[in-house]
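Asks: So here's work12.cif, just mmCIF, C-alpha atoms:
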```cif
data_work
loop_
_atom_site.label_atom_id
_atom_site.label_comp_id
_atom_site.auth_asym_id
_atom_site.auth_seq_id
_atom_site.Cartn_x
_atom_site.Cartn_y
_atom_site.Cartn_z
CA MET A 203 48.35 -49.68 49.37
CA LYS A 204 45.13 -47.76 49.78
CA LYS A 205 45.26 -44.19 48.59
CA THR A 206 41.87 -42.91 49.67
CA ILE A 207 41.00 -42.24 53.29
CA TYR A 208 37.27 -42.32 53.92
CA SER A 209 36.72 -40.20 57.00
CA THR A 210 33.17 -41.42 57.54
CA PRO A 211 31.32 -44.67 56.80
CA GLN A 212 29.03 -42.59 54.57
CA ASP A 213 32.02 -41.57 52.45
CA ALA A 214 32.97 -45.23 52.07
CA GLU A 215 29.40 -46.13 51.15
CA ALA A 216 29.16 -43.35 48.57
CA ALA A 217 32.43 -44.55 47.04
CA PHE A 218 31.14 -48.15 46.95
CA TYR A 219 28.00 -47.27 44.98
CA ASP A 220 29.86 -44.84 42.76
CA ALA A 221 32.37 -47.57 41.87
CA LEU A 222 29.55 -50.07 41.34
CA GLN A 223 27.71 -47.78 38.94
CA ARG A 224 30.86 -46.86 37.05
CA ALA A 225 32.00 -50.51 37.04
CA ASP A 226 35.40 -49.30 38.24
CA LEU A 227 37.26 -52.21 39.80
CA ASP A 228 40.12 -50.23 41.32
CA ALA A 229 37.71 -47.75 42.90
CA MET A 230 35.56 -50.62 44.19
CA MET A 231 38.51 -52.37 45.80
CA GLU A 232 39.65 -49.13 47.45
CA VAL A 233 36.54 -49.36 49.59
CA TRP A 234 37.18 -52.87 50.90
CA SER A 235 39.23 -53.56 54.00
CA ASP A 236 42.47 -55.41 53.63
CA ASP A 237 42.89 -55.60 57.40
CA GLU A 238 39.99 -57.95 58.04
CA GLU A 239 38.40 -61.00 56.46
CA VAL A 240 35.84 -59.63 54.03
CA SER A 241 32.63 -61.20 52.70
CA CYS A 242 30.39 -60.34 49.77
CA ILE A 243 27.01 -61.88 49.01
CA HIS A 244 25.01 -60.93 45.93
CA PRO A 245 21.29 -61.71 45.54
CA ASP A 246 20.76 -65.49 45.25
CA GLY A 247 24.50 -65.93 45.37
CA PRO A 248 26.95 -67.77 47.58
CA ARG A 249 29.15 -66.07 50.10
CA ILE A 250 32.39 -64.93 48.56
CA SER A 251 35.07 -64.39 51.17
CA GLY A 252 38.62 -63.22 51.13
CA LEU A 253 39.83 -60.07 49.42
CA GLU A 254 41.23 -61.82 46.36
CA GLN A 255 37.99 -63.72 45.69
CA VAL A 256 35.96 -60.56 46.24
CA ARG A 257 38.15 -58.72 43.73
CA LYS A 258 37.81 -61.52 41.17
CA ASN A 259 34.06 -61.53 41.61
CA TRP A 260 33.70 -57.78 41.05
CA ALA A 261 36.05 -58.00 38.06
CA GLN A 262 33.81 -60.68 36.57
CA ILE A 263 30.66 -58.64 37.22
CA PHE A 264 32.10 -55.49 35.72
CA MET A 265 33.43 -57.39 32.70
CA SER A 266 29.97 -58.84 32.07
CA GLY A 267 28.92 -55.51 30.62
CA GLN A 268 25.95 -55.15 32.94
CA ARG A 269 25.56 -51.55 34.03
CA LEU A 270 23.37 -50.51 36.90
CA GLN A 271 21.83 -47.35 38.22
CA VAL A 272 21.32 -47.66 41.95
CA GLU A 273 19.21 -45.35 44.06
CA LEU A 274 19.43 -45.88 47.79
CA SER A 275 16.56 -45.48 50.21
CA ASP A 276 15.40 -46.50 53.66
CA GLN A 277 18.83 -46.24 55.22
CA LEU A 278 19.06 -47.38 58.80
CA ILE A 279 22.40 -46.98 60.54
CA VAL A 280 23.58 -48.42 63.84
CA SER A 281 27.09 -47.27 64.62
CA GLY A 282 29.78 -46.99 67.26
CA VAL A 283 33.31 -45.66 67.39
CA MET A 284 34.76 -48.56 65.43
CA TYR A 285 31.85 -50.02 63.45
CA SER A 286 28.99 -48.83 61.30
CA LEU A 287 26.18 -51.17 60.30
CA HIS A 288 24.04 -49.94 57.39
CA SER A 289 20.77 -51.48 56.33
CA LEU A 290 19.29 -50.03 53.19
CA GLN A 291 17.30 -50.61 50.06
CA GLU A 292 18.88 -50.54 46.61
CA ASN A 293 16.43 -49.50 43.91
CA ILE A 294 18.12 -50.82 40.80
CA LEU A 295 17.62 -50.08 37.13
CA VAL A 296 19.65 -52.21 34.72
CA LEU A 297 20.94 -49.72 32.16
CA ALA A 298 22.82 -52.15 29.93
CA GLY A 299 23.77 -55.80 29.62
CA GLN A 300 21.85 -58.82 30.91
CA GLY A 301 18.37 -57.84 32.10
CA GLY A 302 18.65 -54.42 30.47
CA GLY A 303 15.70 -52.17 31.28
CA GLY A 304 14.74 -54.29 34.25
CA ARG A 305 14.23 -53.00 37.74
CA SER A 306 14.76 -54.76 41.02
CA ILE A 307 14.63 -54.03 44.68
CA VAL A 308 17.41 -55.33 46.84
CA VAL A 309 17.71 -55.16 50.59
CA THR A 310 21.29 -54.78 51.65
CA THR A 311 23.46 -54.91 54.74
CA ASN A 312 26.78 -53.09 54.51
CA VAL A 313 29.25 -53.19 57.39
CA TYR A 314 32.15 -50.76 57.73
CA LEU A 315 34.97 -50.82 60.28
CA HIS A 316 37.31 -48.06 61.31
CA SER A 317 41.01 -48.66 60.87
CA ALA A 318 44.17 -46.60 60.73
CA GLY A 319 43.37 -45.92 57.09
CA GLY A 320 39.85 -44.68 57.76
CA TRP A 321 36.57 -46.53 57.21
CA ARG A 322 36.52 -49.66 55.07
CA MET A 323 33.85 -52.14 54.04
CA VAL A 324 34.10 -55.63 55.50
CA LEU A 325 30.75 -57.04 54.43
CA HIS A 326 28.18 -56.50 51.68
CA HIS A 327 25.13 -58.77 51.86
CA ALA A 328 22.43 -58.15 49.28
CA SER A 329 19.23 -60.11 48.68
CA HIS A 330 16.17 -59.71 46.50
CA ALA A 331 13.11 -58.41 48.25
CA PRO A 332 9.50 -58.10 47.26
CA ALA A 333 8.27 -54.57 46.59
CA PRO A 334 8.06 -52.68 48.85
CA ALA A 335 11.17 -54.07 50.51
CA VAL A 336 10.78 -52.10 53.68
CA ARG A 337 7.66 -52.94 55.64
CA ARG A 338 7.97 -51.24 58.99
CA ASP A 339 4.19 -50.88 59.19
CA ALA A 340 3.28 -53.80 57.01
CA PRO A 341 0.11 -55.69 57.72
CA LEU A 342 0.61 -59.16 59.05
CA ASP A 343 -2.21 -60.83 57.16
CA ALA A 344 0.10 -62.52 54.67
CA PRO A 345 2.06 -65.05 56.69
CA LYS A 346 5.73 -65.02 55.89
CA VAL A 347 7.15 -68.48 56.17
CA LEU A 348 10.76 -68.63 57.16
CA HIS A 349 12.41 -70.81 54.56
CA MET B 71 13.34 -56.51 80.98
CA LYS B 72 15.95 -58.96 79.75
CA LYS B 73 16.80 -61.76 82.12
CA THR B 74 19.58 -63.52 80.32
CA ILE B 75 23.07 -62.07 80.03
CA TYR B 76 24.99 -63.47 77.10
CA SER B 77 28.63 -63.03 77.99
CA THR B 78 29.86 -63.72 74.48
CA PRO B 79 28.40 -63.20 70.99
CA GLN B 80 28.64 -66.96 70.57
CA ASP B 81 26.32 -67.43 73.54
CA ALA B 82 23.80 -65.06 71.97
CA GLU B 83 24.08 -66.87 68.65
CA ALA B 84 23.56 -70.27 70.25
CA ALA B 85 20.47 -68.91 72.03
CA PHE B 86 19.15 -67.49 68.75
CA TYR B 87 19.32 -70.81 66.91
CA ASP B 88 18.06 -72.73 69.92
CA ALA B 89 15.01 -70.44 70.12
CA LEU B 90 14.48 -70.69 66.37
CA GLN B 91 14.51 -74.49 66.43
CA ARG B 92 12.23 -74.65 69.46
CA ALA B 93 9.94 -71.94 68.03
CA ASP B 94 10.15 -70.22 71.40
CA LEU B 95 9.19 -66.58 70.96
CA ASP B 96 10.21 -65.36 74.40
CA ALA B 97 13.59 -67.03 74.12
CA MET B 98 14.01 -65.57 70.62
CA MET B 99 13.23 -62.06 71.76
CA GLU B 100 15.66 -62.35 74.67
CA VAL B 101 18.44 -62.42 72.12
CA TRP B 102 17.45 -59.18 70.35
CA SER B 103 18.69 -55.79 71.48
CA ASP B 104 16.19 -53.33 72.81
CA ASP B 105 18.84 -50.61 72.96
CA GLU B 106 19.33 -50.26 69.23
CA GLU B 107 17.24 -50.25 66.07
CA VAL B 108 17.06 -53.88 64.99
CA SER B 109 16.52 -55.38 61.55
CA CYS B 110 15.58 -58.86 60.39
CA ILE B 111 15.57 -60.09 56.80
CA HIS B 112 14.45 -63.62 55.90
CA PRO B 113 15.23 -65.25 52.53
CA ASP B 114 13.35 -63.47 49.72
CA GLY B 115 11.74 -61.26 52.34
CA PRO B 116 11.58 -57.55 53.01
CA ARG B 117 13.50 -55.87 55.78
CA ILE B 118 11.58 -55.90 59.02
CA SER B 119 12.79 -53.22 61.40
CA GLY B 120 11.94 -52.18 64.90
CA LEU B 121 11.69 -54.53 67.85
CA GLU B 122 7.90 -54.75 67.83
CA GLN B 123 7.73 -55.66 64.14
CA VAL B 124 10.52 -58.18 64.58
CA ARG B 125 8.62 -59.76 67.46
CA LYS B 126 5.38 -59.91 65.44
CA ASN B 127 7.22 -61.51 62.55
CA TRP B 128 8.79 -64.25 64.66
CA ALA B 129 5.44 -64.85 66.36
CA GLN B 130 3.86 -65.33 62.96
CA ILE B 131 6.61 -67.68 61.80
CA PHE B 132 6.45 -69.78 64.93
CA MET B 133 2.64 -69.92 64.78
CA SER B 134 2.81 -71.18 61.20
CA GLY B 135 3.77 -74.59 62.53
CA GLN B 136 6.90 -74.82 60.44
CA ARG B 137 9.69 -76.44 62.41
CA LEU B 138 13.30 -76.34 61.36
CA GLN B 139 16.50 -78.13 62.16
CA VAL B 140 19.44 -75.84 61.53
CA GLU B 141 23.05 -76.90 61.35
CA LEU B 142 25.57 -74.13 61.14
CA SER B 143 28.77 -74.23 59.16
CA ASP B 144 31.40 -72.01 57.58
CA GLN B 145 31.38 -69.47 60.36
CA LEU B 146 33.49 -66.42 59.77
CA ILE B 147 33.70 -63.89 62.59
CA VAL B 148 35.05 -60.35 62.55
CA SER B 149 34.83 -58.78 65.97
CA GLY B 150 35.94 -55.95 68.20
CA VAL B 151 35.31 -54.90 71.76
CA MET B 152 31.77 -53.73 71.07
CA TYR B 153 30.69 -55.57 67.92
CA SER B 154 30.74 -59.05 66.50
CA LEU B 155 29.93 -59.69 62.85
CA HIS B 156 29.15 -63.33 62.01
CA SER B 157 28.85 -64.71 58.52
CA LEU B 158 27.74 -68.31 58.35
CA GLN B 159 25.83 -70.93 56.46
CA GLU B 160 22.55 -72.37 57.78
CA ASN B 161 21.97 -75.92 56.57
CA ILE B 162 18.24 -76.27 57.07
CA LEU B 163 15.98 -79.29 57.19
CA VAL B 164 12.25 -78.56 57.42
CA LEU B 165 10.99 -81.01 60.04
CA ALA B 166 7.31 -80.04 59.96
CA GLY B 167 4.91 -77.59 58.37
CA GLN B 168 5.18 -75.96 54.96
CA GLY B 169 7.94 -77.51 52.88
CA GLY B 170 8.28 -80.43 55.30
CA GLY B 171 11.18 -82.71 54.46
CA GLY B 172 12.82 -80.05 52.32
CA ARG B 173 16.34 -78.85 52.72
CA SER B 174 17.80 -75.49 51.97
CA ILE B 175 21.04 -73.66 52.27
CA VAL B 176 20.95 -70.14 53.57
CA VAL B 177 23.82 -67.70 53.87
CA THR B 178 23.41 -65.47 56.87
CA THR B 179 24.85 -62.36 58.43
CA ASN B 180 24.27 -61.94 62.16
CA VAL B 181 25.46 -58.82 63.97
CA TYR B 182 25.78 -58.59 67.75
CA LEU B 183 26.60 -55.54 69.84
CA HIS B 184 27.84 -55.34 73.38
CA SER B 185 25.71 -53.44 75.88
CA ALA B 186 25.38 -53.18 79.63
CA GLY B 187 23.22 -56.29 79.46
CA GLY B 188 25.75 -58.35 77.56
CA TRP B 189 25.72 -59.23 73.87
CA ARG B 190 22.53 -58.77 71.84
CA MET B 191 21.57 -59.29 68.21
CA VAL B 192 20.87 -56.17 66.19
CA LEU B 193 20.68 -57.68 62.71
CA HIS B 194 19.84 -61.02 61.10
CA HIS B 195 20.06 -61.08 57.30
CA ALA B 196 19.44 -64.43 55.65
CA SER B 197 19.28 -65.24 51.94
CA HIS B 198 19.02 -68.37 49.85
CA ALA B 199 22.21 -69.54 48.29
CA PRO B 200 23.08 -72.14 45.71
CA ALA B 201 24.82 -75.24 47.02
CA PRO B 202 27.59 -75.00 48.01
CA ALA B 203 26.89 -71.60 49.52
CA VAL B 204 30.46 -70.93 50.46
CA ARG B 205 32.77 -70.71 47.50
CA ARG B 206 36.08 -69.47 48.80
CA ASP B 207 37.92 -71.44 46.15
CA ALA B 208 35.16 -71.56 43.61
CA PRO B 209 36.03 -71.57 39.95
CA LEU B 210 35.12 -68.40 38.15
CA ASP B 211 34.02 -69.99 34.89
CA ALA B 212 30.32 -69.47 35.60
CA PRO B 213 29.80 -65.72 35.47
CA LYS B 214 27.73 -64.41 38.32
CA VAL B 215 25.66 -61.47 37.19
CA LEU B 216 24.92 -59.00 39.88
CA HIS B 217 21.17 -58.58 39.81
#
```
Would you mind writing the structure in this file as structure tokens?
Replies:
Amino acid sequence: MKKTIYSTPQDAEAAFYDALQRADLDAMMEVWSDDEEVSCIHPDGPRISGLEQVRKNWAQIFMSGQRLQVELSDQLIVSGVMYSLHSLQENILVLAGQGGGGRSIVVTTNVYLHSAGGWRMVLHHASHAPAPAVRRDAPLDAPKVLH
Amino acid sequence: MKKTIYSTPQDAEAAFYDALQRADLDAMMEVWSDDEEVSCIHPDGPRISGLEQVRKNWAQIFMSGQRLQVELSDQLIVSGVMYSLHSLQENILVLAGQGGGGRSIVVTTNVYLHSAGGWRMVLHHASHAPAPAVRRDAPLDAPKVLH
């Protein structure tokens, strides 16, 4: 049973990154929907779907001892009454554990849906991006090949 | 002015992959929303946002001469009246151009919204994944570190 009601998608997103940085599994799983099929994709990773698999995956990550500081930027939100689609950049510093001291830039899609219990995450899709990750006005002289 | 009305998100998705495989820029851009801020992220790429930048990017990709065959699998759809969130696996064979003959597995999030003109894509987020990309029942003995 969820205890927290996130009254906005932004509240759910803040709780997600707070839980991620604190490596708090219970707080992380509060954010995820248990009404809908959920999916989670980490950089270079497979899709993990289903609430139980998502929980196991976060448990494993948090148990690894890796600790991250995540600063968000370049947020772009498209939302309606029942959905909120967030595209953003995660500027990550690895504080401890594997890759300690390293920095990375990740471009992320987070999707939240509204339910009786407030806003919940249904999808987190993160992938590594070159710096700078957001290139609204980027020159087109370096062809980007699809795959 | 859009000419095609996609009456279901599945129709829009079929048109997206058809345009991609035929490297048809006009057909590709028919699929994208011009009502909302759109974003497109290719594997290992930055976020490209805004319809004009998305168009330029697809133009560049199609002009590169790379031709792809894409088979979709593992589709997982979460949808409401106004939104449709698709998570799927693209099984790609490079038919021509850079990386010709190569295969890759890409895990993709596509988001469609309903508008007066039918269903349109607002987000395509694709990232490389290890094979198999979809690991619903994957063993957890190989720790996946977050970043």
Asks: From the options B:Ser77, B:Met99, B:Ala129, B:Ile118, which residue's atoms come nearest to chain A, counting only C-alpha atoms?
Replies: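 Looking only at the distances to chain A, the closest residue turns out to be B:Ile118.
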Asks: Using all atoms listed in the file, which of A:Met230, A:Ala318, A:Leu278, A:Ala298 sits nearest chain B?
Replies: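 Of all the options, A:Leu278 lies closest to chain B.
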Asks: Which one is closest to Glu122 of chain B: B:Ser109, B:Ser149, B:Asp88, B:Gln136? Count only C-alpha atoms.
Replies: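 Distance minimum relative to Glu122 of chain B lands on B:Ser109.
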Asks: Quick one, how far is atom CA of Gly172 of chain B from atom CA of Tyr87 of chain B?
Replies: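 Interatomic distance here is 18.5 Å.
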Asks: Quick one, how far is atom CA of Gly247 of chain A from atom CA of His198 of chain B?
Replies: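 So the answer is 7.5 Å.
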Asks: Which residues fall under the PyMOL selection byres ((chain B and resi 169) around 12) in this file, as a short mmCIF file (atom, residue, chain, number, x, y, z; two decimals) with C-alpha atoms, in the frame of the given file?
Replies:
```cif
data_model
loop_
_atom_site.label_atom_id
_atom_site.label_comp_id
_atom_site.auth_asym_id
_atom_site.auth_seq_id
_atom_site.Cartn_x
_atom_site.Cartn_y
_atom_site.Cartn_z
CA VAL A 347 7.15 -68.48 56.17
CA LEU A 348 10.76 -68.63 57.16
CA HIS A 349 12.41 -70.81 54.56
CA SER B 134 2.81 -71.18 61.20
CA GLY B 135 3.77 -74.59 62.53
CA GLN B 136 6.90 -74.82 60.44
CA ARG B 137 9.69 -76.44 62.41
CA LEU B 138 13.30 -76.34 61.36
CA ILE B 162 18.24 -76.27 57.07
CA LEU B 163 15.98 -79.29 57.19
CA VAL B 164 12.25 -78.56 57.42
CA LEU B 165 10.99 -81.01 60.04
CA ALA B 166 7.31 -80.04 59.96
CA GLY B 167 4.91 -77.59 58.37
CA GLN B 168 5.18 -75.96 54.96
CA GLY B 170 8.28 -80.43 55.30
CA GLY B 171 11.18 -82.71 54.46
CA GLY B 172 12.82 -80.05 52.32
CA ARG B 173 16.34 -78.85 52.72
CA SER B 174 17.80 -75.49 51.97
#
```
Asks: Determine, counting only C-alpha atoms, which protein, DNA and RNA residues have an atom within 8 Å of an atom of segment 194-196 of chain B; residues of the same chain fewer than 4 positions away are not included. Present the result as a list in words.
Replies: Thr311 and His327 of chain A; Ser109, Cys110, Ile111, His112, Pro113, Val176, Val177, Thr178, Thr179, Asn180 and Val181 of chain B
Asks: Please provide as a PyMOL selection string all residues within 8 Å of Arg322 of chain A, with the sequence filter that same-chain residues fewer than 2 positions apart are discarded (counting all atoms listed in the file).
Replies: chain A and resi 208+211+214+233-235+314-317+320+324
Asks: Take the PyMOL selection byres ((chain A and resi 228) around 12), apply it to the structure above, and return the hits as a VMD selection string.
Replies: chain A and resid 203 to 206 217 to 218 220 to 222 224 to 227 229 to 234 257 to 258 260 to 261 264
Asks: Using atom CA of Ile279 of chain A and atom CA of Gly120 of chain B as the two end points, give the distance in Å to one decimal.
Replies: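 So the answer is 12.5 Å.
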Asks: Quick one: axis-aligned box around all listed atoms of segment 101-104 of chain B, 3 Å on every side, centre and edge lengths in Å to one decimal, written as lines of an AutoDock Vina configuration file.
Replies:
```
center_x = 17.4
center_y = -57.9
center_z = 71.6
size_x = 8.5
size_y = 15.1
size_z = 8.5
```
Asks: Quick one: of B:Ala199, B:Leu193, B:Ser154, B:Gln145, who's nearest to chain A, counting all atoms listed in the file?
Replies: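 Closest candidate: B:Ala199.
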Asks: Evaluate the PyMOL selection byres ((chain B and resi 140-143) around 6) against this structure - the residues, as a ChimeraX atom specification, please.
Replies: /B:139,144-145,159-162
Asks: Could you please fill out segment 173-188 of chain B with N, CA and C atoms and send it back as a PDB file, in the coordinates of the input?
Replies:
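What follows is the written file selection.pdb:
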```
ATOM      1  N   ARG B 173      15.067 -79.375  52.213  1.00  0.00           N
ATOM      2  CA  ARG B 173      16.340 -78.850  52.720  1.00  0.00           C
ATOM      3  C   ARG B 173      16.660 -77.557  51.981  1.00  0.00           C
ATOM      4  N   SER B 174      17.316 -76.676  52.661  1.00  0.00           N
ATOM      5  CA  SER B 174      17.800 -75.490  51.970  1.00  0.00           C
ATOM      6  C   SER B 174      19.085 -74.999  52.595  1.00  0.00           C
ATOM      7  N   ILE B 175      19.791 -74.251  51.811  1.00  0.00           N
ATOM      8  CA  ILE B 175      21.040 -73.660  52.270  1.00  0.00           C
ATOM      9  C   ILE B 175      20.870 -72.149  52.254  1.00  0.00           C
ATOM     10  N   VAL B 176      21.158 -71.573  53.386  1.00  0.00           N
ATOM     11  CA  VAL B 176      20.950 -70.140  53.570  1.00  0.00           C
ATOM     12  C   VAL B 176      22.265 -69.533  54.028  1.00  0.00           C
ATOM     13  N   VAL B 177      22.619 -68.424  53.426  1.00  0.00           N
ATOM     14  CA  VAL B 177      23.820 -67.700  53.870  1.00  0.00           C
ATOM     15  C   VAL B 177      23.331 -66.520  54.716  1.00  0.00           C
ATOM     16  N   THR B 178      23.954 -66.367  55.856  1.00  0.00           N
ATOM     17  CA  THR B 178      23.410 -65.470  56.870  1.00  0.00           C
ATOM     18  C   THR B 178      24.477 -64.559  57.457  1.00  0.00           C
ATOM     19  N   THR B 179      24.057 -63.324  57.674  1.00  0.00           N
ATOM     20  CA  THR B 179      24.850 -62.360  58.430  1.00  0.00           C
ATOM     21  C   THR B 179      24.130 -62.086  59.739  1.00  0.00           C
ATOM     22  N   ASN B 180      24.798 -62.299  60.837  1.00  0.00           N
ATOM     23  CA  ASN B 180      24.270 -61.940  62.160  1.00  0.00           C
ATOM     24  C   ASN B 180      25.208 -60.910  62.778  1.00  0.00           C
ATOM     25  N   VAL B 181      24.634 -59.837  63.314  1.00  0.00           N
ATOM     26  CA  VAL B 181      25.460 -58.820  63.970  1.00  0.00           C
ATOM     27  C   VAL B 181      25.020 -58.673  65.420  1.00  0.00           C
ATOM     28  N   TYR B 182      26.009 -58.724  66.309  1.00  0.00           N
ATOM     29  CA  TYR B 182      25.780 -58.590  67.750  1.00  0.00           C
ATOM     30  C   TYR B 182      26.545 -57.372  68.256  1.00  0.00           C
ATOM     31  N   LEU B 183      25.918 -56.665  69.199  1.00  0.00           N
ATOM     32  CA  LEU B 183      26.600 -55.540  69.840  1.00  0.00           C
ATOM     33  C   LEU B 183      26.660 -55.776  71.340  1.00  0.00           C
ATOM     34  N   HIS B 184      27.698 -55.221  71.943  1.00  0.00           N
ATOM     35  CA  HIS B 184      27.840 -55.340  73.380  1.00  0.00           C
ATOM     36  C   HIS B 184      27.145 -54.175  74.072  1.00  0.00           C
ATOM     37  N   SER B 185      26.395 -54.491  75.108  1.00  0.00           N
ATOM     38  CA  SER B 185      25.710 -53.440  75.880  1.00  0.00           C
ATOM     39  C   SER B 185      25.871 -53.778  77.356  1.00  0.00           C
ATOM     40  N   ALA B 186      25.303 -52.938  78.188  1.00  0.00           N
ATOM     41  CA  ALA B 186      25.380 -53.180  79.630  1.00  0.00           C
ATOM     42  C   ALA B 186      24.802 -54.555  79.977  1.00  0.00           C
ATOM     43  N   GLY B 187      23.857 -54.990  79.204  1.00  0.00           N
ATOM     44  CA  GLY B 187      23.220 -56.290  79.460  1.00  0.00           C
ATOM     45  C   GLY B 187      23.851 -57.437  78.697  1.00  0.00           C
ATOM     46  N   GLY B 188      25.080 -57.280  78.294  1.00  0.00           N
ATOM     47  CA  GLY B 188      25.750 -58.350  77.560  1.00  0.00           C
ATOM     48  C   GLY B 188      25.560 -58.186  76.051  1.00  0.00           C
TER      49      GLY B 188
END
```
